[in-house]
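> See my_file.csv below, with CSV, C-alpha atoms and all ligand atoms.
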```csv
chain,number,residue,atom,x,y,z
A,23,MET,CA,-39.4,4.9,-2.6
A,24,ALA,CA,-36.2,3.9,-0.9
A,25,LYS,CA,-36.9,0.3,-1.6
A,26,ARG,CA,-37.4,1.0,-5.3
A,27,ARG,CA,-34.2,2.9,-5.4
A,28,GLN,CA,-32.4,0.0,-3.7
A,29,ARG,CA,-33.9,-2.4,-6.2
A,30,GLN,CA,-32.8,-0.2,-9.1
A,31,ALA,CA,-29.3,0.0,-7.7
A,32,ASP,CA,-29.3,-3.8,-7.3
A,33,THR,CA,-30.4,-4.3,-10.9
A,34,ARG,CA,-27.6,-2.0,-12.1
A,35,ARG,CA,-25.1,-3.9,-10.1
A,36,ARG,CA,-26.4,-7.2,-11.5
A,37,GLN,CA,-26.5,-6.0,-15.1
A,38,PRO,CA,-23.5,-4.0,-16.1
A,39,THR,CA,-23.3,-3.3,-19.8
A,40,ASP,CA,-21.4,-5.7,-22.0
A,41,SER,CA,-18.3,-3.6,-22.3
A,42,ASN,CA,-18.3,-3.0,-18.6
A,43,THR,CA,-18.8,-6.5,-17.1
A,44,TYR,CA,-17.3,-7.2,-13.7
A,45,ARG,CA,-13.7,-8.3,-14.1
A,46,PHE,CA,-11.8,-10.9,-12.1
A,47,PHE,CA,-8.3,-12.4,-12.3
A,48,VAL,CA,-8.5,-16.2,-11.9
A,49,ALA,CA,-6.0,-19.1,-12.0
A,50,PRO,CA,-5.5,-20.2,-15.6
A,51,GLU,CA,-7.0,-23.7,-14.8
A,52,VAL,CA,-10.4,-22.0,-14.3
A,53,LEU,CA,-10.6,-21.5,-18.0
A,54,GLN,CA,-10.7,-24.8,-19.9
A,55,GLY,CA,-11.6,-25.0,-23.5
A,56,ARG,CA,-14.9,-23.3,-23.8
A,57,VAL,CA,-15.9,-23.6,-20.2
A,58,ALA,CA,-15.0,-21.7,-17.0
A,59,ARG,CA,-15.4,-23.3,-13.6
A,60,ILE,CA,-14.8,-21.3,-10.5
A,61,GLU,CA,-14.1,-23.1,-7.2
A,62,ASP,CA,-12.4,-20.3,-5.3
A,63,ALA,CA,-14.6,-19.7,-2.2
A,64,ALA,CA,-13.9,-15.9,-2.0
A,65,LEU,CA,-14.8,-15.3,-5.7
A,66,ILE,CA,-17.9,-17.5,-5.4
A,67,HIS,CA,-19.0,-15.4,-2.4
A,68,GLN,CA,-18.3,-12.2,-4.3
A,69,LEU,CA,-20.2,-13.3,-7.4
A,70,SER,CA,-23.2,-14.9,-5.8
A,71,THR,CA,-23.7,-13.1,-2.4
A,72,VAL,CA,-22.1,-9.6,-2.9
A,73,LEU,CA,-23.0,-9.0,-6.6
A,74,ARG,CA,-25.9,-11.5,-6.6
A,75,LEU,CA,-25.2,-12.6,-10.1
A,76,ASN,CA,-27.4,-15.2,-11.7
A,77,ALA,CA,-27.3,-17.7,-14.5
A,78,GLY,CA,-27.3,-15.7,-17.8
A,79,ASP,CA,-25.2,-12.8,-16.3
A,80,GLN,CA,-21.9,-12.1,-18.0
A,81,ILE,CA,-18.5,-11.5,-16.3
A,82,THR,CA,-15.0,-11.1,-17.7
A,83,LEU,CA,-12.3,-13.4,-16.5
A,84,LEU,CA,-8.6,-12.7,-16.8
A,85,ASP,CA,-5.8,-15.3,-16.6
A,86,ASN,CA,-3.0,-12.8,-16.4
A,87,SER,CA,-1.8,-13.7,-19.9
A,88,GLY,CA,-3.2,-10.5,-21.6
A,89,TRP,CA,-6.3,-12.2,-22.9
A,90,GLU,CA,-9.8,-11.5,-21.6
A,91,TYR,CA,-12.6,-14.0,-21.6
A,92,VAL,CA,-16.3,-13.0,-21.6
A,93,VAL,CA,-18.2,-15.7,-19.7
A,94,ALA,CA,-21.9,-16.2,-19.5
A,95,LEU,CA,-22.7,-17.9,-16.2
A,96,ASP,CA,-24.8,-21.0,-16.5
A,97,GLU,CA,-24.7,-22.6,-13.1
A,98,ILE,CA,-24.3,-21.3,-9.6
A,99,GLY,CA,-23.8,-24.5,-7.7
A,100,ARG,CA,-22.7,-25.5,-4.2
A,101,GLY,CA,-19.0,-24.8,-4.1
A,102,TYR,CA,-18.7,-23.9,-7.7
A,103,ILE,CA,-19.9,-21.5,-10.4
A,104,SER,CA,-19.6,-22.5,-14.1
A,105,GLY,CA,-20.1,-20.7,-17.3
A,106,ALA,CA,-19.5,-20.8,-21.0
A,107,ILE,CA,-16.7,-18.8,-22.6
A,108,GLU,CA,-18.4,-16.7,-25.2
A,109,ARG,CA,-15.5,-14.6,-26.4
A,110,LYS,CA,-11.7,-14.4,-26.0
A,111,THR,CA,-10.0,-11.2,-27.0
A,112,LEU,CA,-6.6,-9.8,-26.6
A,113,ALA,CA,-6.8,-6.8,-24.2
A,114,GLU,CA,-5.6,-3.4,-25.4
A,115,THR,CA,-5.1,-1.9,-22.0
A,116,GLU,CA,-1.5,-3.1,-21.3
A,117,PRO,CA,1.2,-0.5,-21.8
A,118,GLN,CA,4.1,-1.2,-24.2
A,119,LEU,CA,6.6,0.2,-21.8
A,120,LYS,CA,7.7,-2.1,-19.0
A,121,LEU,CA,8.0,0.3,-16.1
A,122,THR,CA,9.4,-1.0,-12.7
A,123,LEU,CA,8.9,1.2,-9.7
A,124,TYR,CA,11.4,0.7,-6.9
A,125,VAL,CA,9.6,2.4,-4.0
A,126,ALA,CA,11.1,3.0,-0.5
A,127,LEU,CA,8.9,1.5,2.2
A,128,LEU,CA,6.7,4.2,3.6
A,129,ARG,CA,4.7,4.8,6.7
A,130,GLY,CA,1.1,3.7,7.1
A,131,GLU,CA,-1.0,3.4,4.0
A,132,ARG,CA,1.3,5.5,1.8
A,133,PHE,CA,3.1,2.5,0.2
A,134,GLU,CA,-0.3,0.9,-0.5
A,135,TRP,CA,-1.5,4.1,-2.2
A,136,VAL,CA,1.6,3.9,-4.5
A,137,LEU,CA,0.7,0.3,-5.4
A,138,GLN,CA,-2.9,1.2,-6.2
A,139,LYS,CA,-2.2,4.4,-8.2
A,140,GLY,CA,0.8,2.9,-10.0
A,141,THR,CA,-1.2,-0.1,-11.1
A,142,GLU,CA,-4.0,2.1,-12.5
A,143,LEU,CA,-1.4,4.1,-14.4
A,144,GLY,CA,0.3,1.0,-16.0
A,145,VAL,CA,3.3,0.1,-13.9
A,146,SER,CA,4.5,-3.4,-14.7
A,147,ALA,CA,6.3,-4.2,-11.5
A,148,PHE,CA,6.8,-2.9,-8.0
A,149,VAL,CA,9.8,-3.4,-5.8
A,150,PRO,CA,9.6,-2.4,-2.1
A,151,VAL,CA,13.0,-1.0,-1.1
A,152,VAL,CA,14.6,-0.7,2.3
A,153,CYS,CA,16.6,2.5,2.5
A,154,GLN,CA,18.9,3.9,5.2
A,155,ARG,CA,16.1,6.2,6.3
A,156,SER,CA,13.2,3.8,5.8
A,157,VAL,CA,10.8,3.3,8.7
A,158,ILE,CA,11.3,-0.5,8.3
A,159,ASP,CA,15.0,-1.4,8.3
A,160,ASP,CA,14.7,-5.1,8.3
A,161,ILE,CA,13.2,-7.0,5.4
A,162,ALA,CA,12.1,-9.8,7.7
A,163,GLU,CA,9.6,-7.3,9.3
A,164,ILE,CA,7.5,-7.5,6.1
A,165,GLY,CA,5.3,-10.4,7.1
A,166,ALA,CA,3.2,-12.7,4.8
A,167,ALA,CA,0.0,-11.0,5.8
A,168,LYS,CA,1.3,-7.6,4.6
A,169,ILE,CA,2.4,-9.1,1.3
A,170,GLU,CA,-1.0,-10.7,0.8
A,171,ARG,CA,-2.6,-7.4,1.5
A,172,TRP,CA,-0.4,-5.7,-1.1
A,173,GLU,CA,-1.2,-8.4,-3.6
A,174,ARG,CA,-4.9,-7.9,-3.1
A,175,ILE,CA,-4.6,-4.1,-3.5
A,176,VAL,CA,-2.7,-4.6,-6.8
A,177,ARG,CA,-5.2,-7.2,-8.0
A,178,GLU,CA,-8.2,-5.0,-7.2
A,179,ALA,CA,-6.7,-1.9,-8.8
A,180,ALA,CA,-5.8,-4.0,-11.9
A,181,GLU,CA,-9.4,-5.3,-12.2
A,182,GLN,CA,-10.9,-1.9,-11.6
A,183,SER,CA,-8.6,-0.2,-14.2
A,184,ARG,CA,-9.3,-2.9,-16.8
A,185,ARG,CA,-5.8,-4.2,-17.0
A,186,ALA,CA,-5.2,-7.7,-18.3
A,187,LYS,CA,-1.9,-8.4,-16.6
A,188,LEU,CA,-1.2,-8.1,-12.9
A,189,PRO,CA,1.8,-6.0,-12.1
A,190,LYS,CA,4.5,-8.1,-10.4
A,191,LEU,CA,5.2,-7.5,-6.8
A,192,LEU,CA,8.8,-8.4,-6.3
A,193,PRO,CA,10.4,-9.3,-2.9
A,194,ALA,CA,11.7,-6.4,-0.9
A,195,MET,CA,15.3,-5.4,-1.5
A,196,LEU,CA,18.0,-3.4,0.2
A,197,PHE,CA,18.9,-0.2,-1.6
A,198,ASP,CA,22.1,-1.5,-3.0
A,199,THR,CA,20.5,-4.7,-4.4
A,200,ALA,CA,17.7,-2.5,-5.8
A,201,CYS,CA,20.3,-0.4,-7.7
A,202,ASP,CA,21.9,-3.6,-9.1
A,203,HIS,CA,18.5,-4.9,-10.2
A,204,ALA,CA,17.4,-1.5,-11.7
A,205,ALA,CA,20.7,-1.2,-13.6
A,206,ARG,CA,19.6,-4.2,-15.6
A,207,ARG,CA,16.6,-2.5,-17.1
A,208,SER,CA,17.0,-0.7,-20.4
A,209,ARG,CA,17.2,2.7,-18.5
A,210,ALA,CA,17.3,3.4,-14.8
A,211,PHE,CA,16.8,6.6,-12.9
A,212,VAL,CA,16.8,7.5,-9.3
A,213,LEU,CA,14.5,10.4,-8.2
A,214,TRP,CA,16.7,12.9,-6.4
A,215,GLU,CA,15.7,16.3,-5.3
A,216,GLY,CA,19.1,17.2,-4.0
A,217,GLY,CA,20.6,18.8,-7.1
A,218,GLY,CA,23.5,17.7,-9.3
A,219,GLY,CA,21.2,15.7,-11.6
A,220,SER,CA,19.1,16.6,-14.6
A,221,SER,CA,15.4,16.9,-15.1
A,222,LEU,CA,13.5,13.6,-15.6
A,223,ARG,CA,12.1,15.2,-18.8
A,224,SER,CA,15.5,15.9,-20.3
A,225,LEU,CA,16.8,12.4,-19.3
A,226,ILE,CA,13.8,10.6,-20.8
A,227,GLY,CA,13.7,12.9,-23.8
A,228,SER,CA,17.4,12.5,-24.7
A,229,ASP,CA,18.5,10.4,-27.6
A,230,GLU,CA,20.2,8.0,-25.1
A,231,ALA,CA,16.8,7.2,-23.6
A,232,ARG,CA,15.2,6.2,-26.9
A,233,PRO,CA,14.6,2.5,-27.3
A,234,LEU,CA,16.9,0.7,-29.8
A,235,ALA,CA,15.4,-1.9,-32.0
A,236,GLU,CA,17.1,-4.7,-30.1
A,237,GLU,CA,15.7,-3.4,-26.8
A,238,ALA,CA,12.1,-4.8,-27.0
A,239,PRO,CA,10.5,-4.9,-24.6
A,240,PHE,CA,11.9,-1.6,-23.5
A,241,SER,CA,12.1,-1.3,-19.8
A,242,ILE,CA,12.6,1.7,-17.4
A,243,ALA,CA,13.4,1.6,-13.7
A,244,LEU,CA,12.5,4.5,-11.4
A,245,LEU,CA,13.7,4.5,-7.8
A,246,SER,CA,12.1,6.8,-5.2
A,247,GLY,CA,13.1,7.5,-1.7
A,248,PRO,CA,11.5,7.4,1.8
A,249,GLU,CA,10.0,10.4,3.7
A,250,GLY,CA,13.4,11.5,4.9
A,251,GLY,CA,14.9,11.2,1.4
A,252,PHE,CA,17.9,9.2,0.2
A,253,THR,CA,21.3,9.7,1.9
A,254,GLU,CA,24.4,11.0,0.1
A,255,SER,CA,26.0,7.6,0.4
A,256,GLU,CA,23.0,6.0,-1.3
A,257,MET,CA,23.4,8.5,-4.1
A,258,ALA,CA,27.0,7.5,-4.4
A,259,THR,CA,25.9,3.9,-4.8
A,260,ALA,CA,23.3,4.9,-7.4
A,261,VAL,CA,26.0,6.7,-9.4
A,262,MET,CA,28.3,3.7,-9.1
A,263,TYR,CA,25.6,1.6,-10.7
A,264,ARG,CA,25.3,4.3,-13.4
A,265,LEU,CA,21.7,5.3,-12.6
A,266,GLY,CA,20.7,8.7,-13.8
A,267,LEU,CA,19.9,11.2,-11.1
A,268,ALA,CA,16.5,12.7,-12.1
A,269,SER,CA,14.8,15.8,-10.7
A,270,LEU,CA,11.1,16.3,-10.9
A,271,GLY,CA,11.5,20.1,-10.5
A,272,PRO,CA,11.9,22.6,-7.7
A,273,ARG,CA,9.1,21.5,-5.5
A,274,ILE,CA,9.6,18.7,-3.0
A,275,LEU,CA,7.0,16.0,-3.5
A,276,ARG,CA,5.9,13.7,-0.7
A,277,ALA,CA,7.4,10.3,-0.8
A,278,GLU,CA,4.2,8.7,-2.1
A,279,THR,CA,3.5,11.5,-4.6
A,280,ALA,CA,7.0,11.4,-6.3
A,281,PRO,CA,6.9,7.8,-7.6
A,282,VAL,CA,3.3,8.2,-8.9
A,283,ALA,CA,4.0,11.5,-10.6
A,284,ALA,CA,7.2,10.2,-12.2
A,285,ALA,CA,5.4,7.0,-13.4
A,286,ALA,CA,2.7,9.1,-15.0
A,287,ALA,CA,5.3,11.4,-16.6
A,288,VAL,CA,7.3,8.5,-18.0
A,289,LEU,CA,4.3,6.6,-19.3
A,290,PHE,CA,3.1,9.8,-20.9
A,291,MET,CA,6.4,10.4,-22.6
A,292,TYR,CA,6.5,6.9,-24.0
A,293,GLY,CA,3.0,7.1,-25.3
A,294,ASP,CA,1.2,4.9,-22.8
A,295,LEU,CA,-0.9,7.7,-21.4
A,296,ASP,CA,-2.7,10.0,-23.7
A,301,LIG,N1,14.8,14.8,1.7
A,301,LIG,C1,13.7,15.6,1.5
A,301,LIG,C2,13.5,16.6,2.6
A,301,LIG,O1,13.3,16.1,3.7
A,301,LIG,O2,13.5,17.8,2.3
A,301,LIG,C3,12.4,15.0,1.1
A,301,LIG,C4,12.4,13.7,0.5
A,301,LIG,S1,10.9,13.4,-0.5
A,301,LIG,C5,9.7,13.6,0.7
A,301,LIG,C6,10.9,11.7,-0.7
A,301,LIG,C7,11.4,11.2,-2.1
A,301,LIG,O3,10.6,11.7,-3.1
A,301,LIG,C8,12.8,11.6,-2.4
A,301,LIG,O4,13.8,10.7,-1.9
A,301,LIG,C9,12.8,11.5,-3.9
A,301,LIG,O5,13.0,10.2,-4.4
A,301,LIG,C10,11.4,11.9,-4.3
A,301,LIG,N2,11.3,13.4,-4.6
A,301,LIG,C11,10.5,14.3,-4.0
A,301,LIG,N3,10.5,15.5,-4.6
A,301,LIG,C12,11.4,15.3,-5.7
A,301,LIG,C13,11.8,16.2,-6.7
A,301,LIG,N4,11.5,17.4,-6.8
A,301,LIG,N5,12.7,15.7,-7.6
A,301,LIG,C14,13.1,14.4,-7.5
A,301,LIG,N6,12.7,13.5,-6.6
A,301,LIG,C15,11.8,14.0,-5.7
```
Can you turn what I pasted into structure tokens?


Amino acid sequence: MAKRRQRQADTRRRQPTDSNTYRFFVAPEVLQGRVARIEDAALIHQLSTVLRLNAGDQITLLDNSGWEYVVALDEIGRGYISGAIERKTLAETEPQLKLTLYVALLRGERFEWVLQKGTELGVSAFVPVVCQRSVIDDIAEIGAAKIERWERIVREAAEQSRRAKLPKLLPAMLFDTACDHAARRSRAFVLWEGGGGSSLRSLIGSDEARPLAEEAPFSIALLSGPEGGFTESEMATAVMYRLGLASLGPRILRAETAPVAAAAAVLFMYGDLD
């Protein structure tokens, strides 16, 4: 009985429905003309050993351009997997709004949680920010292994949520640099629970926040603070860069909840979440 259930589970894993094939981001050179040739050892392991796909099975490959390619596998060789590109379609899952989240570095896995949930929601870019009250106060502390792990989390969340473009993961910035960078988006807001600002809803809903014809693609920046919050002097810097101070209401959200809640609210208000 248990064996039969296991076999059924394996069959399900091997044969997802056409609209629900396994999705993988690959380097553009994997897709050439009408043929796909995968030589990446980790992906080969995933396809042949973990998912146990065979010739004839379909997968969807993504080259991070917004297009998706349905590929029928035809050869599982030693060191490569090849297949025929059966269809190429423009994905309809990418949001119109270009939303960049500037997120203070957080303790433990909280920052990773923001990367994962933000990717699912439709964030276009993430910027880790070192603030005065951040647990990490030196950008050099963010090693290559951590960045690789963050990139993997973003990629897997993008594959799972059927995105066709990977959100960018920009290099970490100090708070002042992040304000300067954010101020170059069409609109930029810093999440501030300390009073003296306006609600995010009123800021986003105001005429000023509506995209002008010449502002395509329209981009929004949201900055959120660390566990201990932003300092008054950081707020003074934000004001100097003309960032809007945005409140999410009377409750204090945890440092990982605030950016995700704000991202969902903004994407909703601009029509990228239904
Ligand atoms: N300083 C606060 C304290 O200790 O009472 C808490 C900071 S909160 C945990 C972390 C970050 O989430 C803040 O810096 C802010 O960016 C954002 N945040 C949380 N609640 C918010 C709210 N109601 N309005 C705007 N931003 C909020």

> Counting only C-alpha atoms and all ligand atoms, figure out which residue out of A:Leu143, A:Val72, A:Ala260, A:Ala126 gets nearest to ligand LIG 301 (chain A).

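Checking each candidate against ligand LIG 301 (chain A), we get A:Ala126 as the closest.
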
> Figure out the distance between CA of Gly271 (chain A) and CA of Ser221 (chain A), please, to one decimal in Å.

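The value is 6.8 Å.
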
> Write out as a PyMOL selection string the residues lying within 9 Å of Val157 (chain A), counting only C-alpha atoms and excluding same-chain residues fewer than 5 positions away.

chain A and resi 127-129+152+248-249

> Compile the contact shell of Gly99 (chain A) as number ranges by chain: residues with an atom at most 10 Å away, counting only C-alpha atoms, same-chain residues fewer than 2 positions apart removed.

A: 60-61, 66, 70, 96-97, 101-104

> Restricting it to C-alpha atoms, dump the selection as a PDB file, in the frame of the given file.


```pdb
ATOM      1  CA  ILE A  60     -14.800 -21.300 -10.500  1.00  0.00           C
ATOM      2  CA  GLU A  61     -14.100 -23.100  -7.200  1.00  0.00           C
ATOM      3  CA  ILE A  66     -17.900 -17.500  -5.400  1.00  0.00           C
ATOM      4  CA  SER A  70     -23.200 -14.900  -5.800  1.00  0.00           C
ATOM      5  CA  ASP A  96     -24.800 -21.000 -16.500  1.00  0.00           C
ATOM      6  CA  GLU A  97     -24.700 -22.600 -13.100  1.00  0.00           C
ATOM      7  CA  GLY A 101     -19.000 -24.800  -4.100  1.00  0.00           C
ATOM      8  CA  TYR A 102     -18.700 -23.900  -7.700  1.00  0.00           C
ATOM      9  CA  ILE A 103     -19.900 -21.500 -10.400  1.00  0.00           C
ATOM     10  CA  SER A 104     -19.600 -22.500 -14.100  1.00  0.00           C
TER      11      SER A 104
END
```

> Using all atoms listed in the file, what table do you get, as JSON lines, when you list each residue of chain A with an atom no more than 6 Å from ligand LIG 301 (chain A), its nearest pair of atoms, and their distance in Å rounded to one decimal, rows by chain then rising number?


```
{"residue": "A:Leu213", "atom": "CA", "partner": "A:LIG301", "partner_atom": "N6", "distance": 3.9}
{"residue": "A:Trp214", "atom": "CA", "partner": "A:LIG301", "partner_atom": "N6", "distance": 4.0}
{"residue": "A:Glu215", "atom": "CA", "partner": "A:LIG301", "partner_atom": "N5", "distance": 3.8}
{"residue": "A:Ser246", "atom": "CA", "partner": "A:LIG301", "partner_atom": "O5", "distance": 3.6}
{"residue": "A:Gly247", "atom": "CA", "partner": "A:LIG301", "partner_atom": "O4", "distance": 3.3}
{"residue": "A:Pro248", "atom": "CA", "partner": "A:LIG301", "partner_atom": "C6", "distance": 5.0}
{"residue": "A:Glu249", "atom": "CA", "partner": "A:LIG301", "partner_atom": "C5", "distance": 4.4}
{"residue": "A:Gly250", "atom": "CA", "partner": "A:LIG301", "partner_atom": "O1", "distance": 4.8}
{"residue": "A:Gly251", "atom": "CA", "partner": "A:LIG301", "partner_atom": "O4", "distance": 3.5}
{"residue": "A:Phe252", "atom": "CA", "partner": "A:LIG301", "partner_atom": "O4", "distance": 4.8}
{"residue": "A:Ala268", "atom": "CA", "partner": "A:LIG301", "partner_atom": "C14", "distance": 6.0}
{"residue": "A:Ser269", "atom": "CA", "partner": "A:LIG301", "partner_atom": "N5", "distance": 3.7}
{"residue": "A:Leu270", "atom": "CA", "partner": "A:LIG301", "partner_atom": "N5", "distance": 3.7}
{"residue": "A:Gly271", "atom": "CA", "partner": "A:LIG301", "partner_atom": "N4", "distance": 4.6}
{"residue": "A:Pro272", "atom": "CA", "partner": "A:LIG301", "partner_atom": "N4", "distance": 5.3}
{"residue": "A:Arg273", "atom": "CA", "partner": "A:LIG301", "partner_atom": "N4", "distance": 4.9}
{"residue": "A:Ile274", "atom": "CA", "partner": "A:LIG301", "partner_atom": "N3", "distance": 3.7}
{"residue": "A:Leu275", "atom": "CA", "partner": "A:LIG301", "partner_atom": "N3", "distance": 3.7}
{"residue": "A:Arg276", "atom": "CA", "partner": "A:LIG301", "partner_atom": "C5", "distance": 4.1}
{"residue": "A:Ala277", "atom": "CA", "partner": "A:LIG301", "partner_atom": "C6", "distance": 3.8}
{"residue": "A:Ala280", "atom": "CA", "partner": "A:LIG301", "partner_atom": "O3", "distance": 4.8}
```

> Under the rule that all atoms listed in the file are counted, which of A:Leu295, A:Leu84, A:Ala167, A:Val261 is the nearest residue to Ala113 (chain A)?

A:Leu84

> Taking (-6.1, -2.6, -13.3) in the file's coordinates as the center, which residues reach within 10 Å of it, counting all atoms listed in the file, put as a PyMOL selection string?

chain A and resi 45+115-116+138-145+176-189

> In Å, rounded to a single decimal, give me how far CA of Val136 (chain A) is from CA of Ser241 (chain A).

19.3 Å

> So which one's closest to Arg59 (chain A), A:Ala77, A:Ile98, A:Phe133, A:Ile226? Using all atoms listed in the file, please.

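Using all atoms listed in the file, the shortest distance to Arg59 (chain A) belongs to A:Ile98.
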
> CA of Ala58 (chain A) and CA of Glu108 (chain A) are how many Å apart?

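Result for CA of Ala58 (chain A) versus CA of Glu108 (chain A): 10.2 Å, one decimal.
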
> Determine the nearest neighbour of Arg206 (chain A) from the options A:Ala166, A:Ser224, A:Thr279, A:Tyr263, counting all atoms listed in the file.

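Closest residue, counting all atoms listed in the file: A:Tyr263.
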
> Which is closer to Leu121 (chain A) than all the others in A:Gly216, A:Leu267, A:Ala204, A:Arg174, using all atoms listed in the file?

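Of A:Gly216, A:Leu267, A:Ala204, A:Arg174, the one nearest Leu121 (chain A), counting all atoms listed in the file, is A:Ala204.
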
> Neighbourhood query: residues within 10 Å of (-14.2, -13.5, -29.7), file coordinates, counting only C-alpha atoms; return as a PyMOL selection string.

chain A and resi 90-92+107-112

> Restrict the calculation to only C-alpha atoms, then for each residue of region 103-173 of chain A with any atom at most 8 Å from an atom of region 199-202 of chain A give the closest atom pair and their distance in Å to one decimal, rows by chain and rising residue number, as JSON lines.


```
{"residue": "A:Tyr124", "atom": "CA", "partner": "A:Ala200", "partner_atom": "CA", "distance": 7.2}
{"residue": "A:Val149", "atom": "CA", "partner": "A:Ala200", "partner_atom": "CA", "distance": 8.0}
{"residue": "A:Val151", "atom": "CA", "partner": "A:Ala200", "partner_atom": "CA", "distance": 6.8}
```

> Rank A:Ile81, A:Leu265, A:Leu69, A:Ala64 by their smallest atom-to-atom distance to Thr43 (chain A), using all atoms listed in the file, and report the top residue only.

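Checking each of A:Ile81, A:Leu265, A:Leu69, A:Ala64 against Thr43 (chain A), counting all atoms listed in the file, the winner is A:Ile81.
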